[in-house]
Amino acid sequence: MLPTVEQAKQELETAAELNPGPWIRHSLNVGIAARNIAQRVSELDENKAHVLGMLHDIGRRVGIVNIPKHVYEGYVYAMEKGWEEVARICMTHSYPLMKDEFDYEPDTKEEKVVKEYIQNCRADDYDKLIQICDALATDYGFVILEKRFVDVTRRYGIMKTYIQGWDITFRNKEYFEEKMGCSIYDVLPGIEKTTLLWKPADKSGT
């Protein structure tokens, strides 16, 4: 079962009361990016893409910005709702390397659950779509990938898997552009302005 676009918006409105912050606007923009790209790809459903994009970070409703924790909380919440496809995206959106992200044994219960799930999951086109849209959308609009990567690195620091993740994201960009017949940037409104807009690094997480 998948919620409607309106239900997804209501979920974010409720989440904004529980944990207000730029992540709400970011989530809405991920949904817009996913919808606009899906409109150009015949194999994708634009409403499904829109919903998955909006709810990918729903685990942040509990006030956690740590990656494994919000991934796990989103998965649990979506599964309680019976939204298995949303739950999957909550798990996969932060791990473009998928199983290769986990070359270590996690310490926390939550991350152990995430690792087991990801290791038994192969990324499909919706996983790839939300991963790239997560990288394209900020709370104030859309930006080219390079700007978003620098923004995230300023907030969280550089990790050894980051560069590999960037490479995969660029490959996914080319993958969707071939299907779209145009640049991904062509369907993101205002990207030429927001890419050049200076914003200080926000420590609260998006």
# chains A, B, ... in the order shown; residues from 1 in each chain; ligands from 1
call {"tool": "residues_around", "arguments": {"residues": "A:Phe142", "least_positions_apart": "3", "cutoff": "9 Å", "atoms": "only C-alpha atoms", "output": "MDAnalysis selection string"}}
result
chainID A and resid 29:30 33 136:139 148 185 188:195
call {"tool": "write_last_selection", "arguments": {"atoms": "C-alpha atoms", "output": "PDB file, in the first residue's frame"}}
result
ATOM      1  CA  ASN A  29      11.600  19.438  -2.887  1.00  0.00           C
ATOM      2  CA  VAL A  30      12.864  15.851  -3.162  1.00  0.00           C
ATOM      3  CA  ALA A  33      12.350  16.529  -8.231  1.00  0.00           C
ATOM      4  CA  LEU A 136      19.658  17.563  -5.861  1.00  0.00           C
ATOM      5  CA  ALA A 137      17.222  19.126  -3.378  1.00  0.00           C
ATOM      6  CA  THR A 138      17.892  21.565  -0.567  1.00  0.00           C
ATOM      7  CA  ASP A 139      15.388  23.328   1.643  1.00  0.00           C
ATOM      8  CA  ARG A 148      25.080  19.706  -2.732  1.00  0.00           C
ATOM      9  CA  TYR A 185      18.707  19.866 -14.476  1.00  0.00           C
ATOM     10  CA  LEU A 188      14.263  21.275 -11.808  1.00  0.00           C
ATOM     11  CA  PRO A 189      12.663  24.728 -11.510  1.00  0.00           C
ATOM     12  CA  GLY A 190      14.937  27.614 -10.588  1.00  0.00           C
ATOM     13  CA  ILE A 191      18.090  25.509 -10.367  1.00  0.00           C
ATOM     14  CA  GLU A 192      20.150  28.119 -12.194  1.00  0.00           C
ATOM     15  CA  LYS A 193      19.340  30.649  -9.455  1.00  0.00           C
ATOM     16  CA  THR A 194      19.530  28.445  -6.370  1.00  0.00           C
ATOM     17  CA  THR A 195      22.815  26.896  -7.459  1.00  0.00           C
TER      18      THR A 195
END
call {"tool": "residues_around", "arguments": {"residues": "A:Lys160", "least_positions_apart": "2", "cutoff": "12 Å", "atoms": "only C-alpha atoms", "output": "JSON, numbers by chain"}}
result
{"A": [97, 100, 101, 102, 103, 153, 157, 158, 162, 163, 164, 165, 166]}
call {"tool": "closest_residue", "arguments": {"among": "A:Arg122, A:Val65, A:Ile32, A:Asp167", "to": "A:Gly141", "atoms": "only C-alpha atoms"}}
result
A:Ile32
call {"tool": "closest_atom_pairs", "arguments": {"of": "stretch 68-180 of chain A", "to": "stretch 40-60 of chain A", "cutoff": "6 Å", "atoms": "only C-alpha atoms", "output": "Markdown table"}}
result
| residue | atom | partner | partner_atom | distance |
| --- | --- | --- | --- | --- |
| A:His70 | CA | A:Gly59 | CA | 4.5 |
| A:Glu73 | CA | A:Gly59 | CA | 4.6 |
| A:Gly74 | CA | A:Gly59 | CA | 3.5 |
| A:Val86 | CA | A:Leu52 | CA | 5.7 |
| A:Ile89 | CA | A:His56 | CA | 5.8 |
| A:Cys90 | CA | A:His56 | CA | 4.8 |
| A:Ile130 | CA | A:Gly53 | CA | 5.8 |
| A:Lys179 | CA | A:Val41 | CA | 5.9 |
| A:Met180 | CA | A:Arg40 | CA | 5.1 |
call {"tool": "atom_distance", "arguments": {"atom1": "atom CA of A:Ala34", "atom2": "atom CA of A:Leu129"}}
result
6.5 Å
call {"tool": "atom_distance", "arguments": {"atom1": "atom CA of A:Tyr117", "atom2": "atom CA of A:Gln131"}}
result
16.5 Å
call {"tool": "closest_residue", "arguments": {"among": "A:Glu110, A:Tyr72, A:Ile37, A:Gly31", "to": "A:Glu178", "atoms": "only C-alpha atoms"}}
result
A:Ile37
call {"tool": "select_by_dssp", "arguments": {"residues": "chain A", "states": "strand (DSSP E or B)", "output": "number ranges by chain"}}
result
A: 137-138, 141-142
